[in-house]
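Content type compact mmCIF, N, CA and C atoms and all ligand atoms, from the file start_25.txt:
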```
# COMPACT_ATOMS: atom_id res chain seq x y z
N MET A 150 -14.00 34.47 -82.53
CA MET A 150 -13.59 35.62 -83.37
C MET A 150 -12.06 35.72 -83.42
N SER A 151 -11.55 36.06 -84.57
CA SER A 151 -10.10 36.15 -84.72
C SER A 151 -9.59 37.49 -84.18
N ASP A 152 -8.28 37.71 -84.29
CA ASP A 152 -7.70 39.00 -83.94
C ASP A 152 -8.22 40.11 -84.85
N TYR A 153 -8.86 39.69 -85.90
CA TYR A 153 -9.31 40.65 -86.91
C TYR A 153 -10.77 41.03 -86.72
N GLY A 154 -11.29 40.89 -85.52
CA GLY A 154 -12.70 41.14 -85.25
C GLY A 154 -13.18 42.51 -85.69
N LYS A 155 -12.39 43.54 -85.41
CA LYS A 155 -12.83 44.91 -85.78
C LYS A 155 -12.84 45.08 -87.29
N LEU A 156 -11.86 44.47 -87.95
CA LEU A 156 -11.79 44.59 -89.41
C LEU A 156 -12.97 43.86 -90.06
N VAL A 157 -13.28 42.69 -89.53
CA VAL A 157 -14.43 41.93 -90.04
C VAL A 157 -15.73 42.71 -89.80
N ALA A 158 -15.85 43.32 -88.64
CA ALA A 158 -17.06 44.10 -88.33
C ALA A 158 -17.20 45.28 -89.30
N ALA A 159 -16.08 45.89 -89.65
CA ALA A 159 -16.13 47.02 -90.60
C ALA A 159 -16.55 46.53 -91.99
N ALA A 160 -16.06 45.37 -92.38
CA ALA A 160 -16.44 44.81 -93.69
C ALA A 160 -17.92 44.44 -93.70
N LYS A 161 -18.38 43.90 -92.60
CA LYS A 161 -19.80 43.52 -92.49
C LYS A 161 -20.69 44.76 -92.60
N GLN A 162 -20.28 45.83 -91.95
CA GLN A 162 -21.03 47.09 -92.01
C GLN A 162 -21.03 47.64 -93.44
N ALA A 163 -19.87 47.61 -94.09
CA ALA A 163 -19.76 48.13 -95.47
C ALA A 163 -20.65 47.34 -96.43
N ARG A 164 -20.79 46.05 -96.16
CA ARG A 164 -21.63 45.19 -97.00
C ARG A 164 -23.06 45.71 -97.07
N GLU A 165 -23.50 46.38 -96.03
CA GLU A 165 -24.86 46.93 -96.01
C GLU A 165 -25.08 47.94 -97.13
N ASN A 166 -23.99 48.54 -97.61
CA ASN A 166 -24.11 49.56 -98.67
C ASN A 166 -23.98 48.98 -100.07
N ALA A 167 -23.84 47.67 -100.18
CA ALA A 167 -23.64 47.06 -101.50
C ALA A 167 -24.76 47.46 -102.46
N HIS A 168 -24.35 47.74 -103.70
CA HIS A 168 -25.32 47.97 -104.77
C HIS A 168 -25.27 46.73 -105.64
N ALA A 169 -26.12 45.75 -105.32
CA ALA A 169 -26.05 44.44 -105.99
C ALA A 169 -27.43 43.96 -106.41
N PRO A 170 -28.16 44.80 -107.19
CA PRO A 170 -29.52 44.42 -107.57
C PRO A 170 -29.55 43.30 -108.61
N TYR A 171 -28.43 43.04 -109.29
CA TYR A 171 -28.41 42.05 -110.37
C TYR A 171 -28.04 40.66 -109.85
N SER A 172 -27.04 40.59 -108.99
CA SER A 172 -26.63 39.29 -108.46
C SER A 172 -27.26 39.00 -107.09
N ASN A 173 -27.68 40.05 -106.41
CA ASN A 173 -28.12 39.90 -105.01
C ASN A 173 -27.05 39.27 -104.13
N PHE A 174 -25.81 39.36 -104.57
CA PHE A 174 -24.68 38.82 -103.80
C PHE A 174 -23.93 40.02 -103.23
N ARG A 175 -24.16 40.28 -101.96
CA ARG A 175 -23.64 41.50 -101.35
C ARG A 175 -22.31 41.20 -100.66
N VAL A 176 -21.34 42.04 -100.95
CA VAL A 176 -19.98 41.83 -100.43
C VAL A 176 -19.50 43.10 -99.74
N GLY A 177 -18.85 42.91 -98.60
CA GLY A 177 -18.20 44.02 -97.91
C GLY A 177 -16.72 43.72 -97.73
N ALA A 178 -15.90 44.75 -97.79
CA ALA A 178 -14.46 44.57 -97.59
C ALA A 178 -13.96 45.66 -96.66
N ALA A 179 -12.90 45.35 -95.93
CA ALA A 179 -12.26 46.35 -95.08
C ALA A 179 -10.76 46.13 -95.14
N LEU A 180 -10.05 47.24 -95.30
CA LEU A 180 -8.60 47.22 -95.52
C LEU A 180 -7.94 47.97 -94.37
N LEU A 181 -7.02 47.28 -93.70
CA LEU A 181 -6.31 47.89 -92.57
C LEU A 181 -4.99 48.48 -93.06
N ALA A 182 -4.86 49.80 -92.97
CA ALA A 182 -3.64 50.47 -93.39
C ALA A 182 -2.63 50.47 -92.25
N LYS A 183 -1.34 50.56 -92.62
CA LYS A 183 -0.29 50.61 -91.59
C LYS A 183 -0.45 51.84 -90.69
N SER A 184 -1.12 52.86 -91.19
CA SER A 184 -1.39 54.07 -90.39
C SER A 184 -2.38 53.79 -89.26
N GLY A 185 -3.08 52.64 -89.35
CA GLY A 185 -4.11 52.32 -88.38
C GLY A 185 -5.51 52.59 -88.89
N ARG A 186 -5.60 53.36 -89.99
CA ARG A 186 -6.93 53.65 -90.54
C ARG A 186 -7.50 52.44 -91.26
N VAL A 187 -8.81 52.33 -91.26
CA VAL A 187 -9.51 51.26 -91.97
C VAL A 187 -10.32 51.88 -93.11
N TYR A 188 -10.16 51.31 -94.30
CA TYR A 188 -10.91 51.77 -95.49
C TYR A 188 -11.84 50.65 -95.89
N THR A 189 -13.10 51.00 -96.12
CA THR A 189 -14.09 49.97 -96.44
C THR A 189 -14.56 50.09 -97.89
N GLY A 190 -15.16 49.02 -98.37
CA GLY A 190 -15.75 49.01 -99.70
C GLY A 190 -16.88 48.00 -99.78
N CYS A 191 -17.74 48.20 -100.77
CA CYS A 191 -18.81 47.23 -101.05
C CYS A 191 -18.82 47.03 -102.56
N ASN A 192 -19.44 45.95 -103.02
CA ASN A 192 -19.54 45.80 -104.47
C ASN A 192 -20.55 46.78 -105.03
N VAL A 193 -20.21 47.33 -106.19
CA VAL A 193 -21.05 48.32 -106.87
C VAL A 193 -21.32 47.79 -108.27
N GLU A 194 -22.52 47.26 -108.47
CA GLU A 194 -22.86 46.66 -109.76
C GLU A 194 -23.40 47.70 -110.72
N ASN A 195 -23.49 47.30 -112.00
CA ASN A 195 -23.96 48.20 -113.05
C ASN A 195 -24.85 47.42 -114.00
N ALA A 196 -25.81 48.10 -114.60
CA ALA A 196 -26.75 47.46 -115.53
C ALA A 196 -26.04 46.83 -116.72
N THR A 197 -24.83 47.29 -117.01
CA THR A 197 -24.05 46.65 -118.08
C THR A 197 -23.37 45.37 -117.60
N TYR A 198 -23.49 45.07 -116.33
CA TYR A 198 -22.85 43.93 -115.66
C TYR A 198 -21.33 44.04 -115.64
N GLY A 199 -20.74 44.23 -116.83
CA GLY A 199 -19.28 44.20 -116.94
C GLY A 199 -18.58 45.32 -116.20
N LEU A 200 -19.29 46.39 -115.91
CA LEU A 200 -18.66 47.52 -115.22
C LEU A 200 -18.73 47.39 -113.70
N THR A 201 -19.25 46.28 -113.24
CA THR A 201 -19.30 46.01 -111.80
C THR A 201 -17.91 46.10 -111.18
N VAL A 202 -17.84 46.69 -110.00
CA VAL A 202 -16.57 46.75 -109.26
C VAL A 202 -16.75 46.01 -107.94
N CYS A 203 -15.79 45.15 -107.63
CA CYS A 203 -15.85 44.35 -106.40
C CYS A 203 -15.55 45.19 -105.16
N ALA A 204 -16.02 44.70 -104.04
CA ALA A 204 -15.83 45.38 -102.76
C ALA A 204 -14.35 45.62 -102.44
N GLU A 205 -13.53 44.63 -102.72
CA GLU A 205 -12.10 44.74 -102.38
C GLU A 205 -11.44 45.88 -103.13
N ARG A 206 -11.77 45.98 -104.42
CA ARG A 206 -11.14 47.04 -105.22
C ARG A 206 -11.66 48.41 -104.83
N VAL A 207 -12.92 48.49 -104.46
CA VAL A 207 -13.45 49.78 -103.98
C VAL A 207 -12.66 50.22 -102.74
N ALA A 208 -12.45 49.31 -101.81
CA ALA A 208 -11.72 49.66 -100.57
C ALA A 208 -10.29 50.10 -100.88
N ILE A 209 -9.63 49.35 -101.76
CA ILE A 209 -8.23 49.67 -102.07
C ILE A 209 -8.13 51.00 -102.80
N LEU A 210 -9.00 51.23 -103.77
CA LEU A 210 -8.91 52.48 -104.54
C LEU A 210 -9.27 53.68 -103.68
N LYS A 211 -10.19 53.50 -102.74
CA LYS A 211 -10.47 54.58 -101.79
C LYS A 211 -9.21 54.92 -101.01
N ALA A 212 -8.55 53.91 -100.49
CA ALA A 212 -7.36 54.14 -99.66
C ALA A 212 -6.24 54.79 -100.46
N ILE A 213 -5.97 54.25 -101.64
CA ILE A 213 -4.87 54.78 -102.46
C ILE A 213 -5.16 56.22 -102.85
N SER A 214 -6.41 56.50 -103.21
CA SER A 214 -6.76 57.86 -103.64
C SER A 214 -6.75 58.86 -102.49
N GLU A 215 -6.77 58.35 -101.27
CA GLU A 215 -6.65 59.23 -100.09
C GLU A 215 -5.19 59.42 -99.70
N GLY A 216 -4.28 58.80 -100.45
CA GLY A 216 -2.86 58.96 -100.18
C GLY A 216 -2.27 57.89 -99.29
N GLU A 217 -3.07 56.91 -98.93
CA GLU A 217 -2.60 55.85 -98.03
C GLU A 217 -1.66 54.90 -98.78
N ARG A 218 -0.59 54.45 -98.10
CA ARG A 218 0.30 53.44 -98.68
C ARG A 218 0.72 52.49 -97.56
N GLY A 219 0.77 51.21 -97.87
CA GLY A 219 1.19 50.22 -96.89
C GLY A 219 -0.01 49.68 -96.12
N PHE A 220 -0.23 48.36 -96.23
CA PHE A 220 -1.42 47.76 -95.63
C PHE A 220 -1.05 46.47 -94.90
N ASP A 221 -1.82 46.16 -93.87
CA ASP A 221 -1.52 44.99 -93.03
C ASP A 221 -2.47 43.83 -93.23
N ALA A 222 -3.69 44.06 -93.69
CA ALA A 222 -4.67 42.97 -93.84
C ALA A 222 -5.88 43.50 -94.60
N ILE A 223 -6.63 42.54 -95.19
CA ILE A 223 -7.91 42.89 -95.82
C ILE A 223 -8.93 41.83 -95.42
N ALA A 224 -10.15 42.26 -95.12
CA ALA A 224 -11.23 41.35 -94.75
C ALA A 224 -12.33 41.41 -95.80
N VAL A 225 -12.98 40.26 -96.03
CA VAL A 225 -14.07 40.16 -97.01
C VAL A 225 -15.22 39.42 -96.34
N VAL A 226 -16.42 40.01 -96.39
CA VAL A 226 -17.59 39.39 -95.76
C VAL A 226 -18.72 39.21 -96.78
N THR A 227 -19.27 37.99 -96.82
CA THR A 227 -20.48 37.70 -97.60
C THR A 227 -21.46 36.95 -96.69
N HIS A 228 -22.63 36.58 -97.24
CA HIS A 228 -23.62 35.90 -96.40
C HIS A 228 -23.51 34.38 -96.48
N THR A 229 -22.65 33.87 -97.37
CA THR A 229 -22.67 32.44 -97.69
C THR A 229 -21.88 31.58 -96.70
N ASP A 230 -22.29 30.30 -96.61
CA ASP A 230 -21.55 29.37 -95.75
C ASP A 230 -20.14 29.15 -96.29
N ALA A 231 -20.02 29.04 -97.60
CA ALA A 231 -18.68 28.94 -98.21
C ALA A 231 -18.08 30.34 -98.21
N LEU A 232 -17.03 30.54 -97.44
CA LEU A 232 -16.45 31.88 -97.32
C LEU A 232 -15.88 32.30 -98.68
N THR A 233 -16.09 33.57 -99.04
CA THR A 233 -15.81 34.04 -100.40
C THR A 233 -14.40 34.61 -100.51
N PRO A 234 -13.54 34.01 -101.33
CA PRO A 234 -12.21 34.59 -101.55
C PRO A 234 -12.27 35.66 -102.64
N PRO A 235 -11.30 36.56 -102.68
CA PRO A 235 -11.29 37.60 -103.72
C PRO A 235 -11.19 36.98 -105.11
N CYS A 236 -11.83 37.62 -106.11
CA CYS A 236 -11.75 37.15 -107.50
C CYS A 236 -10.33 37.38 -108.03
N GLY A 237 -10.07 36.85 -109.21
CA GLY A 237 -8.73 36.96 -109.78
C GLY A 237 -8.28 38.39 -109.99
N ALA A 238 -9.17 39.23 -110.51
CA ALA A 238 -8.81 40.63 -110.74
C ALA A 238 -8.45 41.31 -109.42
N CYS A 239 -9.24 41.04 -108.39
CA CYS A 239 -8.95 41.65 -107.08
C CYS A 239 -7.64 41.13 -106.51
N ARG A 240 -7.34 39.86 -106.73
CA ARG A 240 -6.06 39.32 -106.23
C ARG A 240 -4.88 40.08 -106.84
N GLN A 241 -4.99 40.39 -108.13
CA GLN A 241 -3.91 41.15 -108.78
C GLN A 241 -3.76 42.53 -108.14
N ILE A 242 -4.88 43.18 -107.87
CA ILE A 242 -4.84 44.53 -107.29
C ILE A 242 -4.39 44.48 -105.83
N ILE A 243 -4.85 43.49 -105.09
CA ILE A 243 -4.40 43.34 -103.69
C ILE A 243 -2.89 43.13 -103.66
N TRP A 244 -2.40 42.29 -104.57
CA TRP A 244 -0.95 42.04 -104.60
C TRP A 244 -0.17 43.33 -104.90
N GLU A 245 -0.67 44.11 -105.83
CA GLU A 245 0.00 45.36 -106.22
C GLU A 245 0.21 46.28 -105.02
N PHE A 246 -0.82 46.42 -104.20
CA PHE A 246 -0.76 47.44 -103.14
C PHE A 246 -0.50 46.87 -101.75
N CYS A 247 -0.80 45.59 -101.56
CA CYS A 247 -0.71 45.02 -100.21
C CYS A 247 0.33 43.92 -100.10
N GLY A 248 0.70 43.31 -101.21
CA GLY A 248 1.66 42.21 -101.16
C GLY A 248 1.10 41.01 -100.39
N ASP A 249 1.98 40.34 -99.66
CA ASP A 249 1.62 39.07 -99.02
C ASP A 249 0.91 39.28 -97.68
N VAL A 250 -0.25 39.92 -97.72
CA VAL A 250 -1.00 40.20 -96.47
C VAL A 250 -1.94 39.04 -96.13
N PRO A 251 -2.40 38.97 -94.89
CA PRO A 251 -3.47 38.04 -94.56
C PRO A 251 -4.80 38.52 -95.15
N VAL A 252 -5.53 37.57 -95.73
CA VAL A 252 -6.86 37.85 -96.28
C VAL A 252 -7.85 37.14 -95.36
N VAL A 253 -8.67 37.94 -94.68
CA VAL A 253 -9.58 37.42 -93.66
C VAL A 253 -10.96 37.26 -94.27
N LEU A 254 -11.40 36.01 -94.38
CA LEU A 254 -12.71 35.73 -94.98
C LEU A 254 -13.70 35.44 -93.88
N SER A 255 -14.91 36.02 -93.98
CA SER A 255 -15.90 35.78 -92.94
C SER A 255 -17.30 35.83 -93.54
N ASN A 256 -18.27 35.41 -92.73
CA ASN A 256 -19.67 35.47 -93.16
C ASN A 256 -20.54 35.98 -92.01
N LEU A 257 -21.83 35.99 -92.24
CA LEU A 257 -22.73 36.59 -91.25
C LEU A 257 -22.90 35.70 -90.02
N LYS A 258 -22.46 34.43 -90.13
CA LYS A 258 -22.50 33.54 -88.97
C LYS A 258 -21.25 33.72 -88.09
N GLY A 259 -20.32 34.55 -88.56
CA GLY A 259 -19.11 34.78 -87.78
C GLY A 259 -18.02 33.75 -88.00
N GLN A 260 -18.21 32.88 -89.01
CA GLN A 260 -17.12 31.95 -89.34
C GLN A 260 -15.97 32.76 -89.96
N VAL A 261 -14.74 32.38 -89.63
CA VAL A 261 -13.58 33.14 -90.10
C VAL A 261 -12.48 32.18 -90.57
N GLU A 262 -11.89 32.53 -91.71
CA GLU A 262 -10.69 31.83 -92.20
C GLU A 262 -9.69 32.90 -92.60
N VAL A 263 -8.42 32.62 -92.35
CA VAL A 263 -7.38 33.56 -92.76
C VAL A 263 -6.43 32.85 -93.73
N HIS A 264 -6.25 33.44 -94.89
CA HIS A 264 -5.32 32.90 -95.90
C HIS A 264 -4.34 34.00 -96.27
N ARG A 265 -3.10 33.64 -96.50
CA ARG A 265 -2.15 34.67 -96.97
C ARG A 265 -2.29 34.83 -98.48
N MET A 266 -1.97 36.02 -98.95
CA MET A 266 -2.05 36.28 -100.40
C MET A 266 -1.13 35.35 -101.18
N SER A 267 0.04 34.99 -100.61
CA SER A 267 0.97 34.12 -101.34
C SER A 267 0.37 32.73 -101.56
N GLU A 268 -0.60 32.37 -100.73
CA GLU A 268 -1.31 31.09 -100.90
C GLU A 268 -2.41 31.24 -101.96
N LEU A 269 -3.13 32.37 -101.91
CA LEU A 269 -4.24 32.59 -102.84
C LEU A 269 -3.77 32.96 -104.24
N PHE A 270 -2.56 33.54 -104.32
CA PHE A 270 -2.10 34.13 -105.59
C PHE A 270 -0.62 33.80 -105.82
N PRO A 271 -0.33 32.50 -106.04
CA PRO A 271 1.07 32.11 -106.24
C PRO A 271 1.59 32.57 -107.60
N ARG A 272 2.88 32.85 -107.68
CA ARG A 272 3.54 33.30 -108.91
C ARG A 272 2.84 34.48 -109.57
N PRO A 273 2.68 35.56 -108.82
CA PRO A 273 2.02 36.75 -109.39
C PRO A 273 2.91 37.46 -110.39
N PHE A 274 2.29 38.13 -111.34
CA PHE A 274 3.01 39.10 -112.17
C PHE A 274 2.99 40.41 -111.41
N ASP A 275 4.17 41.02 -111.26
CA ASP A 275 4.22 42.32 -110.59
C ASP A 275 5.39 43.13 -111.11
N ALA A 276 5.64 44.26 -110.46
CA ALA A 276 6.65 45.20 -110.94
C ALA A 276 8.05 44.58 -111.00
N SER A 277 8.28 43.50 -110.26
CA SER A 277 9.60 42.88 -110.26
C SER A 277 9.96 42.30 -111.63
N PHE A 278 8.95 42.10 -112.50
CA PHE A 278 9.21 41.56 -113.84
C PHE A 278 9.43 42.64 -114.89
N LEU A 279 9.18 43.90 -114.53
CA LEU A 279 9.24 44.97 -115.53
C LEU A 279 10.67 45.45 -115.75
N1 LIG B 301 -17.77 40.23 -105.73
C1 LIG B 301 -17.04 41.00 -104.89
O1 LIG B 301 -17.39 42.16 -104.63
N2 LIG B 301 -15.94 40.47 -104.33
C2 LIG B 301 -15.56 39.16 -104.44
O2 LIG B 301 -14.58 38.77 -103.83
C3 LIG B 301 -16.34 38.25 -105.29
C4 LIG B 301 -17.40 38.88 -106.12
C5 LIG B 301 -19.02 40.77 -106.30
C6 LIG B 301 -19.04 41.11 -107.74
C7 LIG B 301 -20.52 41.02 -108.06
O3 LIG B 301 -21.14 42.24 -107.69
C8 LIG B 301 -21.03 39.93 -107.12
O4 LIG B 301 -20.06 39.82 -106.09
C9 LIG B 301 -21.25 38.59 -107.77
O5 LIG B 301 -20.13 38.19 -108.48
```

In C-alpha cells, how does this file's structure come out?
Amino acid sequence: MSDYGKLVAAAKQARENAHAPYSNFRVGAALLAKSGRVYTGCNVENATYGLTVCAERVAILKAISEGERGFDAIAVVTHTDALTPPCGACRQIIWEFCGDVPVVLSNLKGQVEVHRMSELFPRPFDASFL
C-alpha cells in the first residue's frame, strides 16, 4: 500500500455509492484538501447517458461548493486490472482546481500507481492563457 492508503480506502468506500446501472462500471474518487479534509465522489449516471458525471468531478465539485480551496492529491478506484485514469473532461477540471497533483490509481486488488497530473495532462489550457 502506498502513502495514500487512507485516500484510496475513502475512494473505494465512495465507489459503493456509484449509480452506474447503464455501464456497470463503478468508480470512486477521493480528494485530499490542504485542510486535511477528504471529499469523496462516485460516478452518477443518467438515462440520457450524456448527463453522466464522473466520480472525480463529483468529489471536486463537492469540495469547491463547500468552500474548500487547495488540494494535495486525488485517488480513483475501479474494479479493473487495468487501473483507470481520469477521462479528458475530468483532467481539465482536476487541473483547474488541483494543478500538478499526484493522481493515485487503484483497484479492488489493492494495486496502486501514482501519476502526476503534468504527466497525464501535458500542455493544459488554463487561466494563464486568458
Ligand atoms: N467514469 C468515471 O467516473 N471516472 C473515470 O475516470 C472514468 C469513467 C465513469 C463514467 C461512467 O459512469 C462510467 O465510468 C463508464 O464510462

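Atom pair atom CA of A:Gln162 / atom C of A:Gly219 has a distance of 21.6 Å (rounded to one decimal).
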
What is the distance between atom CA of A:Leu180 and atom CA of A:Leu254, in Å to one decimal?
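Between atom CA of A:Leu180 and atom CA of A:Leu254 the gap works out to 12.2 Å.
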
Find, counting all atoms listed in the file, the residue in A:Ala238, A:Val207, A:Met266, A:Ala158 that gets nearest to A:Thr189.
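Smallest distance to A:Thr189 is found for A:Val207.
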
Contacts between ligand LIG 301 (chain B) and chain A, please, where a residue of chain A counts if it comes within 7 Å (with all atoms listed in the file); show its shortest atom pair and distance in Å to one decimal, rows by chain and ascending number, as CSV.
```
residue,atom,partner,partner_atom,distance
A:His168,C,B:LIG301,O3,6.4
A:Ala169,CA,B:LIG301,O3,5.6
A:Ser172,CA,B:LIG301,C9,5.5
A:Asn173,N,B:LIG301,C8,6.7
A:Phe174,C,B:LIG301,O4,4.8
A:Arg175,N,B:LIG301,O4,5.8
A:Val176,CA,B:LIG301,O1,4.9
A:Gly177,N,B:LIG301,O1,6.2
A:Cys191,C,B:LIG301,O1,5.5
A:Asn192,CA,B:LIG301,O1,4.2
A:Val193,N,B:LIG301,O3,5.4
A:Glu194,CA,B:LIG301,O3,5.2
A:Thr201,CA,B:LIG301,O3,5.9
A:Val202,C,B:LIG301,O1,5.1
A:Cys203,CA,B:LIG301,O1,3.2
A:Ala204,N,B:LIG301,O1,2.9
A:Glu205,N,B:LIG301,O1,5.0
A:Arg206,N,B:LIG301,O1,6.8
A:Val225,CA,B:LIG301,O2,7.0
A:Thr233,C,B:LIG301,O2,5.3
A:Pro234,C,B:LIG301,O2,4.1
A:Pro235,CA,B:LIG301,O2,3.5
A:Cys236,N,B:LIG301,O2,3.8
```

Residue with smallest distance to A:Tyr198 - pool A:Tyr171, A:Phe278, A:Phe220, A:Trp244, counting all atoms listed in the file:
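Smallest distance to A:Tyr198 is found for A:Tyr171.
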
Calculate how many Å separate atom N of A:Tyr153 from atom N of A:Asn166, rounding to one decimal.
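Computing the Euclidean distance for atom N of A:Tyr153 and atom N of A:Asn166 yields 21.1 Å.
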
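Closest approach to A:Ile209 among A:Tyr188, A:Ala276, A:Asn195, A:Lys161 is made by A:Tyr188 (distances from only N, CA and C atoms).
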
My list of candidates is A:Ala222, A:Ala160, A:Ala212, A:Ala167. Which is closest to A:Cys247 when distances are computed with all atoms listed in the file?
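Checking each of A:Ala222, A:Ala160, A:Ala212, A:Ala167 against A:Cys247, counting all atoms listed in the file, the winner is A:Ala222.
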
Ranking A:Gly154, A:Gly185, A:Gly248, A:Gly259 by minimum distance to A:Leu232 and counting only C-alpha atoms, which one comes first?
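Closest to A:Leu232 of all the choices is A:Gly259.
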
From the list A:Asp221, A:Val226, A:Ala179, A:Phe270, which residue is nearest A:Cys239 when using only C-alpha atoms?
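Distance minimum relative to A:Cys239 lands on A:Phe270.
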